[in-house]
Structures are given as C-alpha cells and as structure tokens.
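Text of protein-v5.tsv (TSV, C-alpha atoms) as supplied:
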```tsv
chain	number	residue	atom	x	y	z
A	873	MET	CA	53.22	25.34	-2.50
A	874	TYR	CA	49.50	24.81	-1.81
A	875	LYS	CA	48.96	28.16	-0.10
A	876	GLY	CA	49.84	29.95	-3.35
A	877	PHE	CA	47.25	27.87	-5.20
A	878	LEU	CA	44.57	28.71	-2.63
A	879	GLN	CA	45.47	32.41	-2.82
A	880	LYS	CA	44.94	32.30	-6.60
A	881	ILE	CA	41.47	30.82	-6.13
A	882	ASP	CA	40.69	33.52	-3.59
A	883	LYS	CA	41.86	36.21	-6.03
A	884	LEU	CA	39.90	34.65	-8.91
A	885	TYR	CA	36.59	34.98	-7.08
A	886	ASN	CA	37.35	38.34	-5.39
A	887	ASP	CA	34.54	39.12	-2.94
A	888	ASP	CA	32.13	36.45	-4.18
A	889	ARG	CA	32.61	34.15	-1.20
A	890	LYS	CA	31.06	33.06	2.05
A	891	LYS	CA	32.77	31.58	5.11
A	892	LEU	CA	30.87	28.99	7.13
A	893	TRP	CA	31.14	28.41	10.90
A	894	THR	CA	33.14	25.23	10.13
A	895	GLY	CA	35.83	27.30	8.39
A	896	THR	CA	34.84	26.17	4.89
A	897	ILE	CA	34.97	28.94	2.30
A	898	LEU	CA	32.34	28.80	-0.45
A	899	TYR	CA	32.98	30.61	-3.74
A	900	GLU	CA	30.71	31.98	-6.48
A	901	ASP	CA	26.91	32.27	-6.59
A	902	TRP	CA	26.16	28.58	-6.68
A	903	TRP	CA	29.11	27.60	-4.47
A	904	GLN	CA	30.78	25.70	-7.30
A	905	THR	CA	34.11	25.82	-5.48
A	906	ASN	CA	34.79	25.35	-1.80
A	907	ILE	CA	37.96	25.11	0.25
A	908	GLN	CA	37.98	23.39	3.63
A	909	LYS	CA	39.66	24.62	6.79
A	910	PRO	CA	43.13	23.01	7.22
A	911	LEU	CA	43.62	20.03	9.51
A	912	ASN	CA	45.79	20.37	12.59
A	913	LEU	CA	48.41	17.69	13.34
A	914	GLU	CA	46.13	15.81	15.74
A	915	GLU	CA	43.37	15.61	13.11
A	916	LEU	CA	45.90	14.54	10.47
A	917	HIS	CA	47.13	11.68	12.69
A	918	SER	CA	43.53	10.66	13.41
A	919	LEU	CA	42.79	10.52	9.67
A	920	GLU	CA	45.94	8.52	9.04
A	921	ASP	CA	44.88	6.03	11.76
A	922	GLU	CA	41.53	5.73	9.97
A	923	ILE	CA	42.69	5.29	6.35
A	924	GLY	CA	46.35	4.26	6.62
A	925	ASN	CA	49.55	5.90	5.44
A	926	MET	CA	49.32	8.86	3.09
A	927	PRO	CA	51.98	10.33	0.79
A	928	ASN	CA	53.81	13.29	2.34
A	929	HIS	CA	52.65	15.65	-0.42
A	930	PHE	CA	49.04	14.90	0.42
A	931	LYS	CA	49.65	15.37	4.15
A	932	GLU	CA	51.10	18.80	3.32
A	933	PHE	CA	47.97	19.57	1.32
A	934	LEU	CA	45.67	18.57	4.21
A	935	LEU	CA	47.58	20.91	6.53
A	936	THR	CA	46.68	23.68	4.04
A	937	SER	CA	43.14	22.56	3.14
A	938	ASN	CA	41.18	19.58	4.43
A	939	GLY	CA	39.94	18.66	0.97
A	940	CYS	CA	38.19	20.86	-1.56
A	941	TYR	CA	35.65	20.96	-4.37
A	942	LEU	CA	36.92	22.80	-7.43
A	943	PHE	CA	34.91	24.40	-10.24
A	944	ASP	CA	32.02	21.93	-9.93
A	945	ILE	CA	34.34	19.22	-11.32
A	946	LEU	CA	36.98	17.91	-8.90
A	947	ARG	CA	36.39	16.57	-5.37
A	948	VAL	CA	39.50	16.15	-3.21
A	949	ALA	CA	38.91	13.98	-0.13
A	950	GLY	CA	39.51	15.04	3.44
A	951	LYS	CA	38.52	14.21	7.01
A	952	GLN	CA	34.83	14.56	7.76
A	953	ASN	CA	33.95	15.93	11.19
A	954	GLY	CA	30.52	14.35	11.68
A	955	TYR	CA	27.27	16.26	11.48
A	956	ARG	CA	26.43	17.11	15.09
A	957	GLY	CA	25.53	20.77	15.49
A	958	MET	CA	25.97	21.59	11.79
A	959	THR	CA	23.44	23.30	9.55
A	960	ILE	CA	22.37	21.55	6.35
A	961	GLU	CA	24.64	23.90	4.38
A	962	GLU	CA	27.64	23.00	6.55
A	963	GLN	CA	26.89	19.28	6.22
A	964	ILE	CA	26.63	19.49	2.43
A	965	HIS	CA	29.94	21.32	2.14
A	966	GLN	CA	32.08	18.93	4.19
A	967	PRO	CA	34.93	17.27	2.33
A	968	ILE	CA	34.13	13.98	0.63
A	969	SER	CA	35.16	10.97	2.66
A	970	PHE	CA	37.86	8.71	1.23
A	971	ARG	CA	35.37	5.83	1.43
A	972	ASN	CA	33.00	7.69	-0.90
A	973	ILE	CA	35.46	8.23	-3.74
A	974	SER	CA	34.27	6.04	-6.60
A	975	PRO	CA	37.14	3.49	-6.79
A	976	TYR	CA	36.89	2.75	-3.05
A	977	SER	CA	33.17	2.12	-3.30
A	978	ARG	CA	33.82	-0.53	-5.97
A	979	ASN	CA	36.42	-3.32	-6.25
A	980	THR	CA	39.74	-2.23	-4.72
A	981	LYS	CA	41.98	-4.99	-6.10
A	982	HIS	CA	43.26	-2.77	-8.92
A	983	LEU	CA	44.30	-0.06	-6.43
A	984	ASP	CA	47.36	-1.86	-5.02
A	985	GLY	CA	50.16	0.63	-4.55
A	986	LEU	CA	47.92	3.64	-5.26
A	987	PHE	CA	46.57	6.31	-2.93
A	988	VAL	CA	43.31	7.58	-4.44
A	989	PHE	CA	42.62	11.09	-3.17
A	990	ALA	CA	40.14	12.72	-5.57
A	991	ASP	CA	37.52	12.09	-8.20
A	992	SER	CA	35.37	13.82	-10.77
A	993	MET	CA	31.71	12.90	-10.92
A	994	LEU	CA	31.49	14.74	-14.24
A	995	THR	CA	34.10	12.64	-16.04
A	996	GLY	CA	34.10	9.48	-13.91
A	997	THR	CA	37.84	9.93	-13.38
A	998	PHE	CA	39.75	9.32	-10.16
A	999	PHE	CA	43.12	10.76	-9.21
A	1000	ALA	CA	45.85	8.81	-7.42
A	1001	LEU	CA	49.41	8.99	-6.17
A	1002	THR	CA	51.74	6.04	-5.73
A	1003	LYS	CA	52.23	5.06	-2.11
A	1004	LYS	CA	55.93	4.43	-2.60
A	1005	VAL	CA	58.29	6.90	-4.20
A	1006	ARG	CA	59.35	5.61	-7.59
A	1007	TYR	CA	62.07	7.02	-9.77
A	1008	PHE	CA	61.95	6.55	-13.51
A	1009	ASN	CA	64.89	7.05	-15.88
```
Taking this structure as input, can you express it in the form of structure tokens?
Amino acid sequence: MYKGFLQKIDKLYNDDRKKLWTGTILYEDWWQTNIQKPLNLEELHSLEDEIGNMPNHFKEFLLTSNGCYLFDILRVAGKQNGYRGMTIEEQIHQPISFRNISPYSRNTKHLDGLFVFADSMLTGTFFALTKKVRYFN
C-alpha cells in the first residue's frame, strides 16, 4: 500500500532528488519533500518500547518509510537516530520525533485513545489514529 504511494512521489519529481548517507531521499530544489529510509524490525520494536503501542497500519508505514516530510506541509513522525557522525544536512532531514509533534508538546489530556503521528506547521493541524479498532454502523 505505502510503497505505491512512495513510487508516485518518486515519479512526480523524476530526477530532481538527492540521497543522503542516512538513506533519506530529498526531493525538489529546496528539498520540500523528503522520505526516510525504512525501519527494520529491531528499530521498530525499539521505537515501540520508547513511545508505546502503535496501530498496525502505522507500523506497516514505518517499515516502508521512517517518517517523511511532504510538500513543505506535512511532517510524519519517525524514529530519530541521534546526531553522531551526521552532517548538518543529515541532521536537519531526520524524521520529526513523536515528542516534537505539537499536541505532545502541550497538554496531552485530550489525546486519550488517540495515536498522533503527524502535524502541519503551516495549518497548525495534527493527524491521529485511534489506538483501538472501532467499528461504526
């Protein structure tokens, strides 16, 4: 599911891209879109130990891309790898940490039952999934 989406982004930008040593792919002149290297299972489990349970759909996404920054608008969180040995460019283009998404940096009482995974600095919006599967009729 997610691989097809990432292939469409790749096709959209054609050759206007740059791959960093960390595996992050930067797109367009000003690097307004970037896709992170996928997590492996060990990294996924480490992230889950750090932030708690994640919805299965989001785990699947992280195994395809460890977060991303889309069209200078949407930041999807992922696991940061620290900064040791990275250039400034590689540090800047790491995925945003879950702790740095706007709702987590404020009051979290209203987040019960939600898994916040992305935000938009442009619109002040955050994006969330429910932690439990709910069926509505």
Checklist entry - Which neighbours of region 945-950 of chain A fall inside 6 Å, counting all atoms listed in the file, when residues of the same chain fewer than 4 positions from it are skipped, and could you give them as number ranges by chain? => result A: 938-941, 967-970, 989-992
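Using only C-alpha atoms, the nearest neighbour of Arg971 (chain A) within the list A:Ile897, A:Asp984, A:Gln904, A:Glu922 is A:Glu922.
One distance worth recording is that between CA of Glu962 (chain A) and CA of His929 (chain A), which is 27.0 Å.
Rounded to one decimal, CA of Asp882 (chain A) and CA of Gln963 (chain A) lie 22.1 Å from each other.
Nearest-residue note for Glu900 (chain A): choosing from A:Leu916, A:Ile881, A:Met926, A:Phe999, the minimum distance belongs to A:Ile881, counting only C-alpha atoms.
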Checklist entry - Mind pulling up the distance from CA of Leu913 (chain A) to CA of Lys931 (chain A)? => result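 So the two atoms, CA of Lys931 (chain A) and CA of Leu913 (chain A), lie 9.6 Å apart.
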Checklist entry - Between A:Tyr874, A:Tyr955, A:Trp893, A:Phe987, which one has atoms that come closest to Leu935 (chain A), using all atoms listed in the file? => result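 Result for the nearest residue to Leu935 (chain A): A:Tyr874.
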Next on the checklist: Between A:Asn928, A:Gln908, A:Asn972, A:Thr1002, which residue has the minimum interatomic distance to Leu892 (chain A), considering all atoms listed in the file?
Outcome noted: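 Answer, going by the shortest atom-to-atom distance: A:Gln908.
Taking only C-alpha atoms into account, Phe877 (chain A) lies nearest to A:Leu942 out of the set A:Ile973, A:Leu942, A:Leu919, A:Ile964.
You can rank A:Tyr899, A:Pro910, A:Lys951, A:Met993 by their closest distance to Ile923 (chain A) using all atoms listed in the file, and at the top of that list sits A:Lys951.
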Can you rebuild region 931-966 of chain A with N, CA and C atoms and give it as a PDB file, keeping the file's coordinate frame?
```pdb
ATOM      1  N   LYS A 931      49.707  14.897   2.764  1.00  0.00           N
ATOM      2  CA  LYS A 931      49.650  15.370   4.150  1.00  0.00           C
ATOM      3  C   LYS A 931      49.867  16.886   4.184  1.00  0.00           C
ATOM      4  N   GLU A 932      50.831  17.354   3.403  1.00  0.00           N
ATOM      5  CA  GLU A 932      51.100  18.800   3.320  1.00  0.00           C
ATOM      6  C   GLU A 932      49.865  19.537   2.823  1.00  0.00           C
ATOM      7  N   PHE A 933      49.193  18.959   1.832  1.00  0.00           N
ATOM      8  CA  PHE A 933      47.970  19.570   1.320  1.00  0.00           C
ATOM      9  C   PHE A 933      46.906  19.668   2.412  1.00  0.00           C
ATOM     10  N   LEU A 934      46.704  18.578   3.167  1.00  0.00           N
ATOM     11  CA  LEU A 934      45.670  18.570   4.210  1.00  0.00           C
ATOM     12  C   LEU A 934      45.958  19.576   5.321  1.00  0.00           C
ATOM     13  N   LEU A 935      47.224  19.884   5.539  1.00  0.00           N
ATOM     14  CA  LEU A 935      47.580  20.910   6.530  1.00  0.00           C
ATOM     15  C   LEU A 935      47.336  22.314   5.982  1.00  0.00           C
ATOM     16  N   THR A 936      47.030  22.407   4.690  1.00  0.00           N
ATOM     17  CA  THR A 936      46.680  23.680   4.040  1.00  0.00           C
ATOM     18  C   THR A 936      45.183  23.756   3.792  1.00  0.00           C
ATOM     19  N   SER A 937      44.581  22.642   3.397  1.00  0.00           N
ATOM     20  CA  SER A 937      43.140  22.560   3.140  1.00  0.00           C
ATOM     21  C   SER A 937      42.685  21.117   3.324  1.00  0.00           C
ATOM     22  N   ASN A 938      41.714  20.915   4.172  1.00  0.00           N
ATOM     23  CA  ASN A 938      41.180  19.580   4.430  1.00  0.00           C
ATOM     24  C   ASN A 938      40.216  19.177   3.311  1.00  0.00           C
ATOM     25  N   GLY A 939      40.760  18.991   2.124  1.00  0.00           N
ATOM     26  CA  GLY A 939      39.940  18.660   0.970  1.00  0.00           C
ATOM     27  C   GLY A 939      39.359  19.910   0.338  1.00  0.00           C
ATOM     28  N   CYS A 940      38.792  19.734  -0.847  1.00  0.00           N
ATOM     29  CA  CYS A 940      38.190  20.860  -1.560  1.00  0.00           C
ATOM     30  C   CYS A 940      37.291  20.338  -2.675  1.00  0.00           C
ATOM     31  N   TYR A 941      36.516  21.237  -3.221  1.00  0.00           N
ATOM     32  CA  TYR A 941      35.650  20.960  -4.370  1.00  0.00           C
ATOM     33  C   TYR A 941      35.919  22.088  -5.346  1.00  0.00           C
ATOM     34  N   LEU A 942      36.451  21.767  -6.513  1.00  0.00           N
ATOM     35  CA  LEU A 942      36.920  22.800  -7.430  1.00  0.00           C
ATOM     36  C   LEU A 942      36.100  22.875  -8.705  1.00  0.00           C
ATOM     37  N   PHE A 943      35.543  24.043  -8.965  1.00  0.00           N
ATOM     38  CA  PHE A 943      34.910  24.400 -10.240  1.00  0.00           C
ATOM     39  C   PHE A 943      33.802  23.439 -10.652  1.00  0.00           C
ATOM     40  N   ASP A 944      33.123  22.857  -9.678  1.00  0.00           N
ATOM     41  CA  ASP A 944      32.020  21.930  -9.930  1.00  0.00           C
ATOM     42  C   ASP A 944      32.484  20.674 -10.667  1.00  0.00           C
ATOM     43  N   ILE A 945      33.782  20.347 -10.572  1.00  0.00           N
ATOM     44  CA  ILE A 945      34.340  19.220 -11.320  1.00  0.00           C
ATOM     45  C   ILE A 945      35.103  18.249 -10.420  1.00  0.00           C
ATOM     46  N   LEU A 946      36.020  18.753  -9.622  1.00  0.00           N
ATOM     47  CA  LEU A 946      36.980  17.910  -8.900  1.00  0.00           C
ATOM     48  C   LEU A 946      36.696  17.916  -7.400  1.00  0.00           C
ATOM     49  N   ARG A 947      36.576  16.708  -6.814  1.00  0.00           N
ATOM     50  CA  ARG A 947      36.390  16.570  -5.370  1.00  0.00           C
ATOM     51  C   ARG A 947      37.644  15.940  -4.776  1.00  0.00           C
ATOM     52  N   VAL A 948      38.316  16.666  -3.889  1.00  0.00           N
ATOM     53  CA  VAL A 948      39.500  16.150  -3.210  1.00  0.00           C
ATOM     54  C   VAL A 948      39.079  15.766  -1.790  1.00  0.00           C
ATOM     55  N   ALA A 949      39.368  14.528  -1.410  1.00  0.00           N
ATOM     56  CA  ALA A 949      38.910  13.980  -0.130  1.00  0.00           C
ATOM     57  C   ALA A 949      39.614  14.630   1.058  1.00  0.00           C
ATOM     58  N   GLY A 950      38.962  14.541   2.194  1.00  0.00           N
ATOM     59  CA  GLY A 950      39.510  15.040   3.440  1.00  0.00           C
ATOM     60  C   GLY A 950      38.837  14.326   4.609  1.00  0.00           C
ATOM     61  N   LYS A 951      39.087  14.805   5.797  1.00  0.00           N
ATOM     62  CA  LYS A 951      38.520  14.210   7.010  1.00  0.00           C
ATOM     63  C   LYS A 951      37.177  14.860   7.319  1.00  0.00           C
ATOM     64  N   GLN A 952      36.133  14.045   7.375  1.00  0.00           N
ATOM     65  CA  GLN A 952      34.830  14.560   7.760  1.00  0.00           C
ATOM     66  C   GLN A 952      34.749  14.674   9.279  1.00  0.00           C
ATOM     67  N   ASN A 953      34.011  15.664   9.755  1.00  0.00           N
ATOM     68  CA  ASN A 953      33.950  15.930  11.190  1.00  0.00           C
ATOM     69  C   ASN A 953      32.647  15.491  11.830  1.00  0.00           C
ATOM     70  N   GLY A 954      31.831  14.713  11.145  1.00  0.00           N
ATOM     71  CA  GLY A 954      30.520  14.350  11.680  1.00  0.00           C
ATOM     72  C   GLY A 954      29.536  15.474  11.402  1.00  0.00           C
ATOM     73  N   TYR A 955      28.305  15.280  11.818  1.00  0.00           N
ATOM     74  CA  TYR A 955      27.270  16.260  11.480  1.00  0.00           C
ATOM     75  C   TYR A 955      26.664  16.948  12.692  1.00  0.00           C
ATOM     76  N   ARG A 956      27.042  16.552  13.881  1.00  0.00           N
ATOM     77  CA  ARG A 956      26.430  17.110  15.090  1.00  0.00           C
ATOM     78  C   ARG A 956      26.616  18.626  15.161  1.00  0.00           C
ATOM     79  N   GLY A 957      25.506  19.330  15.319  1.00  0.00           N
ATOM     80  CA  GLY A 957      25.530  20.770  15.490  1.00  0.00           C
ATOM     81  C   GLY A 957      25.703  21.563  14.198  1.00  0.00           C
ATOM     82  N   MET A 958      25.763  20.894  13.059  1.00  0.00           N
ATOM     83  CA  MET A 958      25.970  21.590  11.790  1.00  0.00           C
ATOM     84  C   MET A 958      24.633  21.893  11.111  1.00  0.00           C
ATOM     85  N   THR A 959      24.599  23.008  10.391  1.00  0.00           N
ATOM     86  CA  THR A 959      23.440  23.300   9.550  1.00  0.00           C
ATOM     87  C   THR A 959      23.495  22.392   8.326  1.00  0.00           C
ATOM     88  N   ILE A 960      22.406  22.339   7.589  1.00  0.00           N
ATOM     89  CA  ILE A 960      22.370  21.550   6.350  1.00  0.00           C
ATOM     90  C   ILE A 960      23.461  22.034   5.399  1.00  0.00           C
ATOM     91  N   GLU A 961      23.624  23.345   5.283  1.00  0.00           N
ATOM     92  CA  GLU A 961      24.640  23.900   4.380  1.00  0.00           C
ATOM     93  C   GLU A 961      26.048  23.447   4.783  1.00  0.00           C
ATOM     94  N   GLU A 962      26.325  23.442   6.074  1.00  0.00           N
ATOM     95  CA  GLU A 962      27.640  23.000   6.550  1.00  0.00           C
ATOM     96  C   GLU A 962      27.839  21.508   6.313  1.00  0.00           C
ATOM     97  N   GLN A 963      26.799  20.719   6.476  1.00  0.00           N
ATOM     98  CA  GLN A 963      26.890  19.280   6.220  1.00  0.00           C
ATOM     99  C   GLN A 963      27.176  18.994   4.752  1.00  0.00           C
ATOM    100  N   ILE A 964      26.474  19.693   3.870  1.00  0.00           N
ATOM    101  CA  ILE A 964      26.630  19.490   2.430  1.00  0.00           C
ATOM    102  C   ILE A 964      28.042  19.834   1.972  1.00  0.00           C
ATOM    103  N   HIS A 965      28.634  20.831   2.593  1.00  0.00           N
ATOM    104  CA  HIS A 965      29.940  21.320   2.140  1.00  0.00           C
ATOM    105  C   HIS A 965      31.110  20.777   2.950  1.00  0.00           C
ATOM    106  N   GLN A 966      30.934  19.623   3.575  1.00  0.00           N
ATOM    107  CA  GLN A 966      32.080  18.930   4.190  1.00  0.00           C
ATOM    108  C   GLN A 966      32.892  18.277   3.077  1.00  0.00           C
TER     109      GLN A 966
END
```
